[in-house]
>>> print(open('start-v5.cif').read())   # mmCIF, C-alpha atoms
data_entry
#
loop_
_atom_site.label_atom_id
_atom_site.label_comp_id
_atom_site.auth_asym_id
_atom_site.auth_seq_id
_atom_site.Cartn_x
_atom_site.Cartn_y
_atom_site.Cartn_z
CA GLU X 1425 0.00 0.00 0.00
CA LYS X 1426 2.83 2.39 0.85
CA PHE X 1427 4.46 1.64 -2.51
CA ASN X 1428 1.27 2.41 -4.43
CA ALA X 1429 0.61 5.54 -2.37
CA ARG X 1430 4.04 7.05 -2.97
CA PRO X 1431 4.06 10.33 -4.99
CA ALA X 1432 4.94 10.01 -8.67
CA PHE X 1433 7.29 12.96 -8.28
CA PRO X 1434 9.02 13.22 -4.87
CA ASP X 1435 8.43 16.58 -3.17
CA VAL X 1436 12.08 16.85 -2.15
CA ALA X 1437 13.19 16.53 -5.78
CA GLU X 1438 10.60 19.02 -7.02
CA LYS X 1439 11.60 21.56 -4.37
CA ALA X 1440 15.33 21.17 -5.00
CA ALA X 1441 14.84 21.47 -8.75
CA ALA X 1442 12.80 24.66 -8.39
CA GLU X 1443 15.41 26.31 -6.15
CA VAL X 1444 18.43 25.34 -8.23
CA LEU X 1445 16.81 26.22 -11.56
CA ALA X 1446 15.74 29.64 -10.33
CA ASP X 1447 19.28 30.32 -9.12
CA ILE X 1448 20.85 29.22 -12.42
CA ARG X 1449 18.40 31.25 -14.45
CA LYS X 1450 19.49 34.32 -12.49
CA GLY X 1451 23.17 33.57 -11.82
CA GLY X 1452 24.25 31.68 -14.92
CA ASP X 1453 27.68 30.04 -14.92
CA LYS X 1454 28.54 31.12 -11.37
CA ALA X 1455 25.48 29.32 -10.06
CA VAL X 1456 26.24 26.23 -12.16
CA SER X 1457 29.78 26.14 -10.78
CA ARG X 1458 28.49 26.47 -7.22
CA TYR X 1459 26.07 23.58 -7.60
CA VAL X 1460 28.65 21.37 -9.32
CA ARG X 1461 30.81 21.83 -6.22
CA LYS X 1462 27.87 21.26 -3.84
CA PHE X 1463 26.32 18.20 -5.48
CA GLU X 1464 29.18 16.67 -7.46
CA GLY X 1465 32.18 17.64 -5.35
CA ALA X 1466 34.35 19.14 -8.11
CA ARG X 1467 35.74 22.67 -8.03
CA LEU X 1468 35.21 23.75 -11.62
CA LYS X 1469 35.42 27.20 -13.12
CA PRO X 1470 33.10 27.91 -16.06
CA SER X 1471 36.12 27.56 -18.37
CA ASP X 1472 36.48 23.98 -17.09
CA PHE X 1473 32.96 22.87 -17.99
CA LEU X 1474 33.69 22.00 -21.63
CA VAL X 1475 35.47 18.68 -22.18
CA GLY X 1476 38.43 19.09 -24.52
CA GLU X 1477 40.35 16.59 -26.61
CA MET X 1478 40.98 13.23 -24.96
CA ASP X 1479 43.34 10.32 -25.59
CA PHE X 1480 41.36 7.20 -26.52
CA SER X 1481 44.38 5.00 -27.24
CA LYS X 1482 44.17 3.23 -23.88
CA ILE X 1483 40.57 2.08 -24.37
CA ASP X 1484 40.39 -1.67 -24.91
CA LYS X 1485 39.93 -2.53 -28.59
CA SER X 1486 37.01 -4.84 -27.81
CA ILE X 1487 35.18 -1.92 -26.19
CA ILE X 1488 35.90 0.33 -29.17
CA LYS X 1489 34.49 -2.34 -31.47
CA ALA X 1490 31.38 -2.80 -29.32
CA VAL X 1491 30.68 0.96 -29.32
CA LYS X 1492 31.22 1.19 -33.08
CA ASP X 1493 28.96 -1.79 -33.76
CA ALA X 1494 26.20 -0.36 -31.57
CA HIS X 1495 26.49 3.05 -33.23
CA GLU X 1496 26.30 1.53 -36.71
CA ARG X 1497 23.13 -0.41 -35.87
CA VAL X 1498 21.40 2.53 -34.20
CA MET X 1499 22.32 4.90 -37.02
CA LYS X 1500 20.95 2.46 -39.60
CA PHE X 1501 17.68 2.13 -37.67
CA SER X 1502 17.43 5.90 -37.12
CA LYS X 1503 17.88 6.75 -40.78
CA ALA X 1504 15.34 4.12 -41.78
CA SER X 1505 12.78 5.57 -39.36
CA LEU X 1506 13.01 9.17 -40.61
CA ARG X 1507 9.66 10.43 -41.90
CA GLU X 1508 9.26 11.69 -45.42
CA GLY X 1509 7.35 14.87 -46.19
CA TRP X 1510 4.11 14.60 -48.14
CA SER X 1511 1.48 16.82 -49.74
CA MET X 1512 -1.98 16.49 -51.24
CA ALA X 1513 -4.07 18.66 -53.52
CA THR X 1514 -6.94 20.67 -52.00
CA PRO X 1515 -10.27 21.31 -53.81
CA ARG X 1516 -9.44 24.81 -55.12
CA GLY X 1517 -5.99 24.25 -56.52
CA GLY X 1518 -3.98 24.52 -53.31
CA SER X 1519 -2.09 21.88 -51.39
CA ALA X 1520 -1.73 20.65 -47.82
CA GLY X 1521 0.75 18.34 -46.20
CA GLU X 1522 3.61 17.97 -43.75
CA PHE X 1523 7.35 18.41 -43.89
CA TYR X 1524 10.00 17.60 -41.32
CA SER X 1525 13.09 19.64 -40.53
CA PRO X 1526 15.72 19.11 -37.82
CA MET X 1527 16.11 21.34 -34.79
CA ASP X 1528 19.20 23.57 -34.73
CA ARG X 1529 20.45 22.69 -31.24
CA VAL X 1530 19.48 19.93 -28.80
CA GLY X 1531 20.77 18.82 -25.41
CA VAL X 1532 21.38 15.27 -24.21
CA TYR X 1533 21.72 14.29 -20.55
CA VAL X 1534 23.89 11.23 -19.97
CA PRO X 1535 24.11 9.72 -16.46
CA GLY X 1536 27.67 9.19 -15.26
CA GLY X 1537 29.24 8.56 -11.89
CA THR X 1538 29.85 4.93 -10.98
CA ALA X 1539 28.19 3.61 -14.16
CA PRO X 1540 28.86 5.86 -17.18
CA LEU X 1541 26.24 4.94 -19.77
CA ALA X 1542 27.93 4.81 -23.16
CA SER X 1543 24.73 3.13 -24.36
CA THR X 1544 22.74 6.30 -23.59
CA SER X 1545 25.20 8.29 -25.69
CA ILE X 1546 24.56 6.06 -28.68
CA MET X 1547 20.79 5.83 -28.21
CA THR X 1548 20.26 9.59 -27.98
CA VAL X 1549 22.97 11.49 -29.83
CA THR X 1550 22.86 9.18 -32.86
CA LEU X 1551 19.16 9.91 -33.38
CA ALA X 1552 19.80 13.66 -33.39
CA LYS X 1553 22.70 13.22 -35.80
CA ALA X 1554 20.61 11.08 -38.15
CA ALA X 1555 17.87 13.73 -38.11
CA GLY X 1556 20.37 16.38 -39.19
CA VAL X 1557 20.67 18.41 -35.96
CA LYS X 1558 23.71 20.67 -36.36
CA GLU X 1559 24.57 21.29 -32.70
CA ILE X 1560 24.29 18.44 -30.21
CA VAL X 1561 25.15 19.29 -26.61
CA ALA X 1562 25.89 16.53 -24.10
CA CYS X 1563 26.07 16.96 -20.31
CA THR X 1564 27.32 14.30 -17.93
CA PRO X 1565 28.40 14.37 -14.26
CA ALA X 1566 32.11 13.96 -13.61
CA GLY X 1567 32.11 13.49 -9.83
CA LYS X 1568 34.73 14.75 -7.38
CA THR X 1569 37.66 14.29 -9.77
CA GLY X 1570 36.09 16.34 -12.55
CA GLU X 1571 37.15 13.64 -15.00
CA VAL X 1572 34.79 12.14 -17.55
CA ASN X 1573 35.06 8.47 -18.46
CA PRO X 1574 37.00 8.13 -21.77
CA VAL X 1575 34.65 5.44 -23.11
CA LEU X 1576 31.70 7.75 -22.54
CA VAL X 1577 33.43 10.64 -24.31
CA TYR X 1578 34.44 8.35 -27.19
CA ALA X 1579 30.84 7.17 -27.61
CA LEU X 1580 29.52 10.74 -27.52
CA LYS X 1581 31.98 11.97 -30.12
CA LEU X 1582 31.43 8.96 -32.37
CA ALA X 1583 27.66 9.47 -32.18
CA GLY X 1584 27.99 13.12 -33.16
CA ALA X 1585 28.08 15.30 -30.02
CA THR X 1586 29.50 18.71 -30.91
CA GLU X 1587 29.90 19.89 -27.29
CA ILE X 1588 30.44 17.84 -24.12
CA TYR X 1589 30.18 19.39 -20.66
CA ARG X 1590 31.32 17.84 -17.35
CA VAL X 1591 28.19 19.06 -15.58
CA GLY X 1592 25.44 16.82 -14.20
CA GLY X 1593 22.24 16.91 -12.20
CA ILE X 1594 19.75 19.76 -12.01
CA GLN X 1595 22.52 22.21 -12.84
CA ALA X 1596 23.07 20.59 -16.24
CA ILE X 1597 19.39 20.81 -17.09
CA GLY X 1598 19.29 24.47 -16.07
CA MET X 1599 22.41 25.32 -18.06
CA MET X 1600 21.02 23.74 -21.23
CA ALA X 1601 17.48 25.06 -20.79
CA TYR X 1602 18.26 28.70 -19.96
CA GLY X 1603 21.68 29.07 -21.54
CA THR X 1604 24.77 30.64 -19.96
CA LYS X 1605 27.92 32.29 -21.30
CA SER X 1606 29.56 28.86 -21.40
CA CYS X 1607 26.70 26.99 -23.04
CA ALA X 1608 24.09 28.44 -25.37
CA LYS X 1609 20.44 27.52 -24.85
CA VAL X 1610 19.14 24.36 -26.52
CA GLN X 1611 15.70 23.76 -28.05
CA LYS X 1612 15.05 20.33 -26.56
CA ILE X 1613 16.52 18.15 -23.80
CA VAL X 1614 16.47 14.35 -23.90
CA GLY X 1615 18.01 11.52 -21.91
CA PRO X 1616 17.40 9.65 -18.66
CA GLY X 1617 18.23 10.72 -15.11
CA ASN X 1618 17.38 10.33 -11.45
CA ALA X 1619 14.39 11.89 -9.68
CA TYR X 1620 16.13 15.27 -9.45
CA VAL X 1621 17.03 15.37 -13.14
CA THR X 1622 13.51 14.26 -14.06
CA ALA X 1623 12.00 16.96 -11.85
CA ALA X 1624 14.25 19.56 -13.45
CA LYS X 1625 13.28 18.48 -16.95
CA ARG X 1626 9.59 18.72 -16.07
CA GLN X 1627 10.06 22.22 -14.71
CA VAL X 1628 11.93 23.60 -17.73
CA TYR X 1629 9.30 22.28 -20.13
CA GLY X 1630 8.05 25.29 -22.02
CA TYR X 1631 11.46 26.94 -22.09
CA VAL X 1632 12.59 23.88 -24.02
CA GLY X 1633 10.98 20.72 -25.29
CA ILE X 1634 11.64 17.46 -23.43
CA ASP X 1635 11.42 13.78 -24.35
CA GLN X 1636 8.47 11.67 -23.26
#
>>> encode(input="start-v5.cif", output="structure tokens")
Amino acid sequence: EKFNARPAFPDVAEKAAAEVLADIRKGGDKAVSRYVRKFEGARLKPSDFLVGEMDFSKIDKSIIKAVKDAHERVMKFSKASLREGWSMATPRGGSAGEFYSPMDRVGVYVPGGTAPLASTSIMTVTLAKAAGVKEIVACTPAGKTGEVNPVLVYALKLAGATEIYRVGGIQAIGMMAYGTKSCAKVQKIVGPGNAYVTAAKRQVYGYVGIDQ
């Protein structure tokens, strides 16, 4: 009974998301940096948010192959599922129909920490790339060390991410939704997350689109 009676969206997560998002909307990068330190444990300046070039030579070849194989399959599926535009004639010589065009800039949230999800990188970024999105922003938590898992970064770059930020949690959602000097605003945010990330995504809906 207690399980069934539990709230769909925990109050503590909703409250935390509201407070952090409001602060980021007002304070921008400084607020993001403060919450990265508070919730993730890393002391990062705004200039540290963006992940630069990384050496992938030490990644096991079997892992590289697995990521490449997964990317190839998902890209093939994604391209095959793209919708074609169509039109039909109307009674007085006009036409009606639908056409599909990619968004200019989307954001992807990728869980990190103890279990970096390279699979999420492939299953989200690849779809945006196949659709023709020009700018694909990825955010992932880096923990106390501020280091992002190389396999995760490799998967993101292979899939087509154009920007990768070592920022997670509510602060990542706020940064992508409202935009800061370090990261321009996106049009839509996709990707899984914990209760706090989910609450944040719900609360920025309207400023940006979110996945369902």
>>> closest_atom_pairs(input="start-v5.cif", of="region 1608-1633 of chain X", to="region 1518-1528 of chain X", cutoff="10 Å", atoms="only C-alpha atoms", output="Markdown table")
| residue | atom | partner | partner_atom | distance |
| --- | --- | --- | --- | --- |
| X:Val1610 | CA | X:Asp1528 | CA | 8.2 |
| X:Gln1611 | CA | X:Met1527 | CA | 7.2 |
| X:Lys1612 | CA | X:Met1527 | CA | 8.4 |
>>> atom_distance(input="start-v5.cif", atom1="CA of Leu1551 (chain X)", atom2="CA of Val1534 (chain X)")
14.3 Å
>>> closest_residue(input="start-v5.cif", among="X:Ile1488, X:Val1591, X:Val1575, X:Ala1562", to="Phe1463 (chain X)", atoms="all atoms listed in the file")
X:Val1591
>>> closest_residue(input="start-v5.cif", among="X:Gly1615, X:Ile1594, X:Leu1582, X:Tyr1629", to="Ile1448 (chain X)", atoms="all atoms listed in the file")
X:Ile1594
>>> atom_distance(input="start-v5.cif", atom1="CA of Lys1609 (chain X)", atom2="CA of Ala1455 (chain X)")
15.7 Å
>>> residues_around(input="start-v5.cif", residues="Met1600 (chain X)", least_positions_apart="5", cutoff="12 Å", atoms="only C-alpha atoms", output="number ranges by chain")
X: 1445, 1448-1449, 1452-1453, 1456, 1529-1533, 1560-1564, 1587-1589, 1591-1595, 1605-1614, 1624-1625, 1628-1629, 1631-1634
>>> residues_near_point(input="start-v5.cif", point="(29.8, 0.8, -33.8)", cutoff="12 Å", atoms="all atoms listed in the file", output="list in words")
Lys1485, Ser1486, Ile1487, Ile1488, Lys1489, Ala1490, Val1491, Lys1492, Asp1493, Ala1494, His1495, Glu1496, Arg1497, Val1498, Met1499, Lys1500, Ala1542, Ser1543, Ser1545, Ile1546, Met1547, Thr1550, Tyr1578, Ala1579, Leu1580, Lys1581, Leu1582 and Ala1583 of chain X
>>> write_last_selection(input="start-v5.cif", atoms="C-alpha atoms", output="PDB file, in the frame of the given file")
ATOM      1  CA  LYS X1485      39.930  -2.530 -28.590  1.00  0.00           C
ATOM      2  CA  SER X1486      37.010  -4.840 -27.810  1.00  0.00           C
ATOM      3  CA  ILE X1487      35.180  -1.920 -26.190  1.00  0.00           C
ATOM      4  CA  ILE X1488      35.900   0.330 -29.170  1.00  0.00           C
ATOM      5  CA  LYS X1489      34.490  -2.340 -31.470  1.00  0.00           C
ATOM      6  CA  ALA X1490      31.380  -2.800 -29.320  1.00  0.00           C
ATOM      7  CA  VAL X1491      30.680   0.960 -29.320  1.00  0.00           C
ATOM      8  CA  LYS X1492      31.220   1.190 -33.080  1.00  0.00           C
ATOM      9  CA  ASP X1493      28.960  -1.790 -33.760  1.00  0.00           C
ATOM     10  CA  ALA X1494      26.200  -0.360 -31.570  1.00  0.00           C
ATOM     11  CA  HIS X1495      26.490   3.050 -33.230  1.00  0.00           C
ATOM     12  CA  GLU X1496      26.300   1.530 -36.710  1.00  0.00           C
ATOM     13  CA  ARG X1497      23.130  -0.410 -35.870  1.00  0.00           C
ATOM     14  CA  VAL X1498      21.400   2.530 -34.200  1.00  0.00           C
ATOM     15  CA  MET X1499      22.320   4.900 -37.020  1.00  0.00           C
ATOM     16  CA  LYS X1500      20.950   2.460 -39.600  1.00  0.00           C
ATOM     17  CA  ALA X1542      27.930   4.810 -23.160  1.00  0.00           C
ATOM     18  CA  SER X1543      24.730   3.130 -24.360  1.00  0.00           C
ATOM     19  CA  SER X1545      25.200   8.290 -25.690  1.00  0.00           C
ATOM     20  CA  ILE X1546      24.560   6.060 -28.680  1.00  0.00           C
ATOM     21  CA  MET X1547      20.790   5.830 -28.210  1.00  0.00           C
ATOM     22  CA  THR X1550      22.860   9.180 -32.860  1.00  0.00           C
ATOM     23  CA  TYR X1578      34.440   8.350 -27.190  1.00  0.00           C
ATOM     24  CA  ALA X1579      30.840   7.170 -27.610  1.00  0.00           C
ATOM     25  CA  LEU X1580      29.520  10.740 -27.520  1.00  0.00           C
ATOM     26  CA  LYS X1581      31.980  11.970 -30.120  1.00  0.00           C
ATOM     27  CA  LEU X1582      31.430   8.960 -32.370  1.00  0.00           C
ATOM     28  CA  ALA X1583      27.660   9.470 -32.180  1.00  0.00           C
TER      29      ALA X1583
END
>>> axis_aligned_box(input="start-v5.cif", around="region 1556-1569 of chain X", padding_each_side="8 Å", output="JSON")
{"center_x": 29.0, "center_y": 17.4, "center_z": -23.3, "size_x": 33.3, "size_y": 23.8, "size_z": 47.8}
>>> closest_residue(input="start-v5.cif", among="X:Asn1618, X:Gln1636, X:Gln1627, X:Ser1481", to="Pro1574 (chain X)", atoms="all atoms listed in the file")
X:Ser1481
>>> closest_residue(input="start-v5.cif", among="X:Lys1558, X:Arg1590, X:Arg1461, X:Arg1516", to="Gly1476 (chain X)", atoms="only C-alpha atoms")
X:Arg1590
>>> build_atoms(input="start-v5.cif", residues="region 1442-1459 of chain X", atoms="N, CA, C and O atoms", output="PDB file, in the coordinates of the input")
ATOM      1  N   ALA X1442      13.313  23.300  -8.281  1.00  0.00           N
ATOM      2  CA  ALA X1442      12.800  24.660  -8.390  1.00  0.00           C
ATOM      3  C   ALA X1442      13.817  25.677  -7.882  1.00  0.00           C
ATOM      4  O   ALA X1442      14.049  26.720  -8.513  1.00  0.00           O
ATOM      5  N   GLU X1443      14.441  25.378  -6.742  1.00  0.00           N
ATOM      6  CA  GLU X1443      15.410  26.310  -6.150  1.00  0.00           C
ATOM      7  C   GLU X1443      16.662  26.443  -7.005  1.00  0.00           C
ATOM      8  O   GLU X1443      17.139  27.553  -7.263  1.00  0.00           O
ATOM      9  N   VAL X1444      17.193  25.316  -7.443  1.00  0.00           N
ATOM     10  CA  VAL X1444      18.430  25.340  -8.230  1.00  0.00           C
ATOM     11  C   VAL X1444      18.199  25.988  -9.597  1.00  0.00           C
ATOM     12  O   VAL X1444      19.005  26.805 -10.057  1.00  0.00           O
ATOM     13  N   LEU X1445      17.100  25.653 -10.244  1.00  0.00           N
ATOM     14  CA  LEU X1445      16.810  26.220 -11.560  1.00  0.00           C
ATOM     15  C   LEU X1445      16.639  27.734 -11.503  1.00  0.00           C
ATOM     16  O   LEU X1445      17.133  28.459 -12.364  1.00  0.00           O
ATOM     17  N   ALA X1446      15.949  28.202 -10.478  1.00  0.00           N
ATOM     18  CA  ALA X1446      15.740  29.640 -10.330  1.00  0.00           C
ATOM     19  C   ALA X1446      17.082  30.355 -10.136  1.00  0.00           C
ATOM     20  O   ALA X1446      17.319  31.436 -10.690  1.00  0.00           O
ATOM     21  N   ASP X1447      17.964  29.738  -9.370  1.00  0.00           N
ATOM     22  CA  ASP X1447      19.280  30.320  -9.120  1.00  0.00           C
ATOM     23  C   ASP X1447      20.124  30.354 -10.390  1.00  0.00           C
ATOM     24  O   ASP X1447      20.816  31.342 -10.675  1.00  0.00           O
ATOM     25  N   ILE X1448      20.062  29.286 -11.175  1.00  0.00           N
ATOM     26  CA  ILE X1448      20.850  29.220 -12.420  1.00  0.00           C
ATOM     27  C   ILE X1448      20.307  30.193 -13.446  1.00  0.00           C
ATOM     28  O   ILE X1448      21.071  30.838 -14.173  1.00  0.00           O
ATOM     29  N   ARG X1449      18.998  30.308 -13.501  1.00  0.00           N
ATOM     30  CA  ARG X1449      18.400  31.250 -14.450  1.00  0.00           C
ATOM     31  C   ARG X1449      18.859  32.673 -14.161  1.00  0.00           C
ATOM     32  O   ARG X1449      19.061  33.475 -15.077  1.00  0.00           O
ATOM     33  N   LYS X1450      19.058  32.983 -12.890  1.00  0.00           N
ATOM     34  CA  LYS X1450      19.490  34.320 -12.490  1.00  0.00           C
ATOM     35  C   LYS X1450      21.011  34.463 -12.506  1.00  0.00           C
ATOM     36  O   LYS X1450      21.543  35.482 -12.955  1.00  0.00           O
ATOM     37  N   GLY X1451      21.715  33.458 -12.010  1.00  0.00           N
ATOM     38  CA  GLY X1451      23.170  33.570 -11.820  1.00  0.00           C
ATOM     39  C   GLY X1451      24.044  32.972 -12.877  1.00  0.00           C
ATOM     40  O   GLY X1451      25.268  33.157 -12.854  1.00  0.00           O
ATOM     41  N   GLY X1452      23.467  32.215 -13.813  1.00  0.00           N
ATOM     42  CA  GLY X1452      24.250  31.680 -14.920  1.00  0.00           C
ATOM     43  C   GLY X1452      25.377  30.754 -14.501  1.00  0.00           C
ATOM     44  O   GLY X1452      25.230  29.919 -13.604  1.00  0.00           O
ATOM     45  N   ASP X1453      26.541  30.928 -15.137  1.00  0.00           N
ATOM     46  CA  ASP X1453      27.680  30.040 -14.920  1.00  0.00           C
ATOM     47  C   ASP X1453      28.134  29.976 -13.460  1.00  0.00           C
ATOM     48  O   ASP X1453      28.541  28.916 -12.981  1.00  0.00           O
ATOM     49  N   LYS X1454      28.098  31.109 -12.765  1.00  0.00           N
ATOM     50  CA  LYS X1454      28.540  31.120 -11.370  1.00  0.00           C
ATOM     51  C   LYS X1454      27.672  30.196 -10.530  1.00  0.00           C
ATOM     52  O   LYS X1454      28.179  29.480  -9.648  1.00  0.00           O
ATOM     53  N   ALA X1455      26.386  30.198 -10.794  1.00  0.00           N
ATOM     54  CA  ALA X1455      25.480  29.320 -10.060  1.00  0.00           C
ATOM     55  C   ALA X1455      25.734  27.864 -10.440  1.00  0.00           C
ATOM     56  O   ALA X1455      25.736  26.973  -9.574  1.00  0.00           O
ATOM     57  N   VAL X1456      25.944  27.597 -11.718  1.00  0.00           N
ATOM     58  CA  VAL X1456      26.240  26.230 -12.160  1.00  0.00           C
ATOM     59  C   VAL X1456      27.480  25.714 -11.456  1.00  0.00           C
ATOM     60  O   VAL X1456      27.505  24.593 -10.929  1.00  0.00           O
ATOM     61  N   SER X1457      28.524  26.528 -11.422  1.00  0.00           N
ATOM     62  CA  SER X1457      29.780  26.140 -10.780  1.00  0.00           C
ATOM     63  C   SER X1457      29.573  25.855  -9.296  1.00  0.00           C
ATOM     64  O   SER X1457      30.120  24.882  -8.751  1.00  0.00           O
ATOM     65  N   ARG X1458      28.757  26.654  -8.657  1.00  0.00           N
ATOM     66  CA  ARG X1458      28.490  26.470  -7.220  1.00  0.00           C
ATOM     67  C   ARG X1458      27.771  25.158  -6.944  1.00  0.00           C
ATOM     68  O   ARG X1458      28.098  24.435  -6.002  1.00  0.00           O
ATOM     69  N   TYR X1459      26.820  24.816  -7.812  1.00  0.00           N
ATOM     70  CA  TYR X1459      26.070  23.580  -7.600  1.00  0.00           C
ATOM     71  C   TYR X1459      26.866  22.341  -8.020  1.00  0.00           C
ATOM     72  O   TYR X1459      26.654  21.256  -7.465  1.00  0.00           O
TER      73      TYR X1459
END
